[in-house]
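J.: The structure under discussion is supplied below as structure tokens; questions concerning it will follow.
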Amino acid sequence: MNIVIIGLLDICCSEYKENEHELYNYIRNQTKSGAIKCPDCNNNTGMHGTYKRKVIISEFEIQTVNIIQVRCKKCRKVHAIIPRFILPKKQYSSEVIREAIESKFFQVCMADDSTIRRWNRLANK
């Protein structure tokens with residue numbers, strides 16, 4: 001299964017958790033209207049399902065969120081629609097990473113020093 005990010009929902013973690021059902025319905029309606037296109041072949045997509053993803057949003061809080069998936073009707077690739085507080089292939093939220101890079105969060109961030117250095121290198125590219 002090929003998973004690609006095709007959209008970022010500009011919403012924080014608590015809002016996402018509170019509105020998951022409405023977001024799912026919104027994405028379903030967007031796929032039905034043809035508004036969500038495949039990033040690979042630009043054809044229509046349809047709902048595919050969801051999967052659970054754990055995200056570290058603070059030193060003391062890990063949230064499990066449902067990530068919505070759509071599938072291209074032509075090339076059949078599966079695409080994940082992720083909210084802005086989640087970064088692809090990262091277990092820490094974008095806010096934790098941003099604060100660690102800005103060195104405000106360094107002392108209390110539970111990520112390893114090597115992880116924070118890698119985030120800094122990626123941010124400086």
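Identifiers in this document derive from the order of the structure tokens: chains are assigned A, B, ..., residues are numbered from 1 separately in each chain, and ligands are numbered from 1 in order of occurrence.
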Apply DSSP to the backbone of this structure and, from chain A, keep only the residues in helix (DSSP H, G or I); write these as a ChimeraX atom specification.

T.: /A:13-18,20-32,94-101,113-123

J.: Name the residues in contact with stretch 53-69 of chain A at a cut-off of 7 Å, using only C-alpha atoms, excluding same-chain residues fewer than 4 positions from it; report them as a PyMOL selection string.

T.: chain A and resi 17+24+47-49+78-82+91-93+96+109-110

J.: Let's have the selection written as an mmCIF file, in the first residue's frame, with C-alpha atoms.

T.:
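As written to disk, again.cif reads:
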```cif
data_model
loop_
_atom_site.group_PDB
_atom_site.id
_atom_site.type_symbol
_atom_site.label_atom_id
_atom_site.label_comp_id
_atom_site.auth_asym_id
_atom_site.auth_seq_id
_atom_site.Cartn_x
_atom_site.Cartn_y
_atom_site.Cartn_z
ATOM 1 C CA LYS A 17 -10.292 14.587 18.522
ATOM 2 C CA TYR A 24 -14.776 12.194 8.323
ATOM 3 C CA MET A 47 -13.099 7.034 0.873
ATOM 4 C CA HIS A 48 -10.879 4.136 1.836
ATOM 5 C CA GLY A 49 -10.978 4.038 5.633
ATOM 6 C CA VAL A 78 -4.046 5.119 -0.959
ATOM 7 C CA HIS A 79 -3.503 8.630 0.378
ATOM 8 C CA ALA A 80 -3.653 9.804 3.991
ATOM 9 C CA ILE A 81 -5.196 13.135 4.911
ATOM 10 C CA ILE A 82 -3.357 14.351 7.965
ATOM 11 C CA GLN A 91 5.893 10.402 16.348
ATOM 12 C CA TYR A 92 6.191 13.874 17.907
ATOM 13 C CA SER A 93 3.666 16.586 17.071
ATOM 14 C CA VAL A 96 6.887 19.705 20.022
ATOM 15 C CA CYS A 109 11.477 17.507 25.572
ATOM 16 C CA MET A 110 11.698 13.759 26.049
#
```

J.: Between A:Arg121, A:Lys90, A:Lys32, A:Lys74, which residue has the minimum interatomic distance to A:Gly46, considering only C-alpha atoms?

T.: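 Nearest to A:Gly46: A:Lys32.
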
J.: Given the choices A:Asn19, A:Ala123, A:Pro39, A:Val70, which gets closest to A:Ser94 if the distance is worked out from only C-alpha atoms?

T.: A:Ala123

J.: Write out as a list in words the residues lying within 9 Å of A:Cys41, counting only C-alpha atoms and excluding same-chain residues fewer than 2 positions away.

T.: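 Everything that qualifies: Lys37, Cys38, Pro39, Asn43, Asn44, Cys72, Lys74 and Cys75 of chain A.
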
J.: For A:Leu23, which of A:Ile97, A:Thr45, A:Arg117, A:Thr50 is the closest residue, counting only C-alpha atoms?

T.: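 Checking each of A:Ile97, A:Thr45, A:Arg117, A:Thr50 against A:Leu23, counting only C-alpha atoms, the winner is A:Thr50.
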
J.: Within chain A, find each residue whose DSSP state, derived from the backbone, is strand (DSSP E), and express the selection as an mmCIF file with N, CA and C atoms, in the first residue's frame.

T.:
```cif
data_model
loop_
_atom_site.group_PDB
_atom_site.id
_atom_site.type_symbol
_atom_site.label_atom_id
_atom_site.label_comp_id
_atom_site.auth_asym_id
_atom_site.auth_seq_id
_atom_site.Cartn_x
_atom_site.Cartn_y
_atom_site.Cartn_z
ATOM 1 N N ILE A 3 1.205 5.068 0.645
ATOM 2 C CA ILE A 3 0.505 6.136 1.350
ATOM 3 C C ILE A 3 1.239 7.445 1.136
ATOM 4 N N VAL A 4 0.518 8.441 0.691
ATOM 5 C CA VAL A 4 1.060 9.761 0.421
ATOM 6 C C VAL A 4 0.157 10.774 1.106
ATOM 7 N N ILE A 5 0.736 11.843 1.610
ATOM 8 C CA ILE A 5 -0.064 12.882 2.235
ATOM 9 C C ILE A 5 -0.604 13.791 1.136
ATOM 10 N N ILE A 6 -1.923 13.986 1.120
ATOM 11 C CA ILE A 6 -2.476 14.861 0.093
ATOM 12 C C ILE A 6 -3.105 16.117 0.668
ATOM 13 N N GLY A 7 -3.226 16.195 1.961
ATOM 14 C CA GLY A 7 -3.829 17.404 2.508
ATOM 15 C C GLY A 7 -3.490 17.567 3.968
ATOM 16 N N LEU A 8 -3.398 18.784 4.401
ATOM 17 C CA LEU A 8 -3.149 19.067 5.801
ATOM 18 C C LEU A 8 -4.333 19.855 6.348
ATOM 19 N N LEU A 9 -4.979 19.308 7.327
ATOM 20 C CA LEU A 9 -6.084 20.008 7.968
ATOM 21 C C LEU A 9 -5.500 20.939 9.022
ATOM 22 N N THR A 45 -10.864 10.665 -6.080
ATOM 23 C CA THR A 45 -10.610 9.688 -5.025
ATOM 24 C C THR A 45 -11.932 9.328 -4.362
ATOM 25 N N GLY A 46 -11.905 8.233 -3.618
ATOM 26 C CA GLY A 46 -13.048 7.812 -2.819
ATOM 27 C C GLY A 46 -12.570 7.449 -1.429
ATOM 28 N N MET A 47 -13.470 7.392 -0.491
ATOM 29 C CA MET A 47 -13.099 7.034 0.873
ATOM 30 C C MET A 47 -12.519 5.623 0.899
ATOM 31 N N HIS A 48 -11.495 5.455 1.712
ATOM 32 C CA HIS A 48 -10.879 4.136 1.836
ATOM 33 C C HIS A 48 -10.980 3.608 3.258
ATOM 34 N N GLY A 49 -10.900 4.481 4.247
ATOM 35 C CA GLY A 49 -10.978 4.038 5.633
ATOM 36 C C GLY A 49 -10.164 4.938 6.538
ATOM 37 N N THR A 50 -9.787 4.391 7.676
ATOM 38 C CA THR A 50 -8.976 5.130 8.647
ATOM 39 C C THR A 50 -7.949 4.191 9.258
ATOM 40 N N TYR A 51 -6.944 4.773 9.874
ATOM 41 C CA TYR A 51 -6.023 4.004 10.704
ATOM 42 C C TYR A 51 -5.676 4.846 11.921
ATOM 43 N N LYS A 52 -5.286 4.185 12.984
ATOM 44 C CA LYS A 52 -4.949 4.885 14.221
ATOM 45 C C LYS A 52 -3.480 5.250 14.233
ATOM 46 N N ARG A 53 -3.192 6.426 14.759
ATOM 47 C CA ARG A 53 -1.809 6.901 14.849
ATOM 48 C C ARG A 53 -1.606 7.571 16.187
ATOM 49 N N LYS A 54 -0.539 7.205 16.888
ATOM 50 C CA LYS A 54 -0.211 7.839 18.159
ATOM 51 C C LYS A 54 0.711 9.016 17.907
ATOM 52 N N VAL A 55 0.434 10.117 18.608
ATOM 53 C CA VAL A 55 1.206 11.342 18.446
ATOM 54 C C VAL A 55 1.555 11.865 19.829
ATOM 55 N N ILE A 56 2.839 12.162 20.037
ATOM 56 C CA ILE A 56 3.279 12.761 21.298
ATOM 57 C C ILE A 56 3.067 14.258 21.184
ATOM 58 N N ILE A 57 2.137 14.795 21.983
ATOM 59 C CA ILE A 57 1.824 16.215 21.880
ATOM 60 C C ILE A 57 2.395 17.026 23.039
ATOM 61 N N SER A 58 2.900 16.363 24.061
ATOM 62 C CA SER A 58 3.608 17.034 25.146
ATOM 63 C C SER A 58 4.368 15.957 25.909
ATOM 64 N N GLU A 61 1.640 13.733 27.469
ATOM 65 C CA GLU A 61 0.417 13.375 26.756
ATOM 66 C C GLU A 61 0.703 12.773 25.385
ATOM 67 N N ILE A 62 0.138 11.601 25.188
ATOM 68 C CA ILE A 62 0.168 10.929 23.889
ATOM 69 C C ILE A 62 -1.278 10.759 23.462
ATOM 70 N N GLN A 63 -1.603 11.229 22.271
ATOM 71 C CA GLN A 63 -2.960 11.124 21.732
ATOM 72 C C GLN A 63 -2.987 10.081 20.626
ATOM 73 N N THR A 64 -4.059 9.333 20.569
ATOM 74 C CA THR A 64 -4.311 8.433 19.455
ATOM 75 C C THR A 64 -5.380 9.085 18.588
ATOM 76 N N VAL A 65 -5.057 9.289 17.322
ATOM 77 C CA VAL A 65 -6.007 9.924 16.401
ATOM 78 C C VAL A 65 -6.261 8.989 15.219
ATOM 79 N N ASN A 66 -7.428 9.125 14.643
ATOM 80 C CA ASN A 66 -7.772 8.375 13.439
ATOM 81 C C ASN A 66 -7.387 9.205 12.222
ATOM 82 N N ILE A 67 -6.578 8.630 11.376
ATOM 83 C CA ILE A 67 -6.162 9.283 10.136
ATOM 84 C C ILE A 67 -7.061 8.773 9.008
ATOM 85 N N ILE A 68 -7.640 9.705 8.278
ATOM 86 C CA ILE A 68 -8.562 9.361 7.193
ATOM 87 C C ILE A 68 -7.773 9.045 5.922
ATOM 88 N N GLN A 69 -8.187 7.984 5.232
ATOM 89 C CA GLN A 69 -7.536 7.590 3.988
ATOM 90 C C GLN A 69 -8.525 7.658 2.828
ATOM 91 N N VAL A 70 -8.010 8.060 1.681
ATOM 92 C CA VAL A 70 -8.778 8.020 0.444
ATOM 93 C C VAL A 70 -7.982 7.203 -0.574
ATOM 94 N N ARG A 71 -8.685 6.658 -1.556
ATOM 95 C CA ARG A 71 -8.017 5.852 -2.588
ATOM 96 C C ARG A 71 -8.379 6.404 -3.958
ATOM 97 N N CYS A 72 -7.345 6.522 -4.789
ATOM 98 C CA CYS A 72 -7.556 6.989 -6.157
ATOM 99 C C CYS A 72 -8.372 5.958 -6.935
ATOM 100 N N VAL A 78 -3.392 4.642 -2.176
ATOM 101 C CA VAL A 78 -4.046 5.119 -0.959
ATOM 102 C C VAL A 78 -3.302 6.354 -0.470
ATOM 103 N N HIS A 79 -4.068 7.371 -0.079
ATOM 104 C CA HIS A 79 -3.503 8.630 0.378
ATOM 105 C C HIS A 79 -4.076 8.984 1.746
ATOM 106 N N ALA A 80 -3.224 9.418 2.644
ATOM 107 C CA ALA A 80 -3.653 9.804 3.991
ATOM 108 C C ALA A 80 -3.866 11.313 4.041
ATOM 109 N N ILE A 81 -4.922 11.716 4.706
ATOM 110 C CA ILE A 81 -5.196 13.135 4.911
ATOM 111 C C ILE A 81 -4.887 13.431 6.369
ATOM 112 N N ILE A 82 -3.814 14.161 6.589
ATOM 113 C CA ILE A 82 -3.357 14.351 7.965
ATOM 114 C C ILE A 82 -3.539 15.797 8.416
ATOM 115 N N PRO A 83 -3.796 15.972 9.711
ATOM 116 C CA PRO A 83 -3.903 17.339 10.249
ATOM 117 C C PRO A 83 -2.521 17.967 10.382
#
```

J.: Mind giving me the straight-line distance from atom CA of A:Arg84 to atom CA of A:Asn29 in Å, one decimal?

T.: 20.4 Å

J.: Between atom CA of A:Gly34 and atom CA of A:Glu20, what is the distance, to one decimal in Å?

T.: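 According to the coordinates, atom CA of A:Gly34 and atom CA of A:Glu20 are separated by 21.0 Å.
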
J.: Any idea what the distance is between atom CA of A:Lys73 and atom CA of A:Phe85?

T.: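 If I compute the distance from atom CA of A:Lys73 to atom CA of A:Phe85, I get 28.0 Å.
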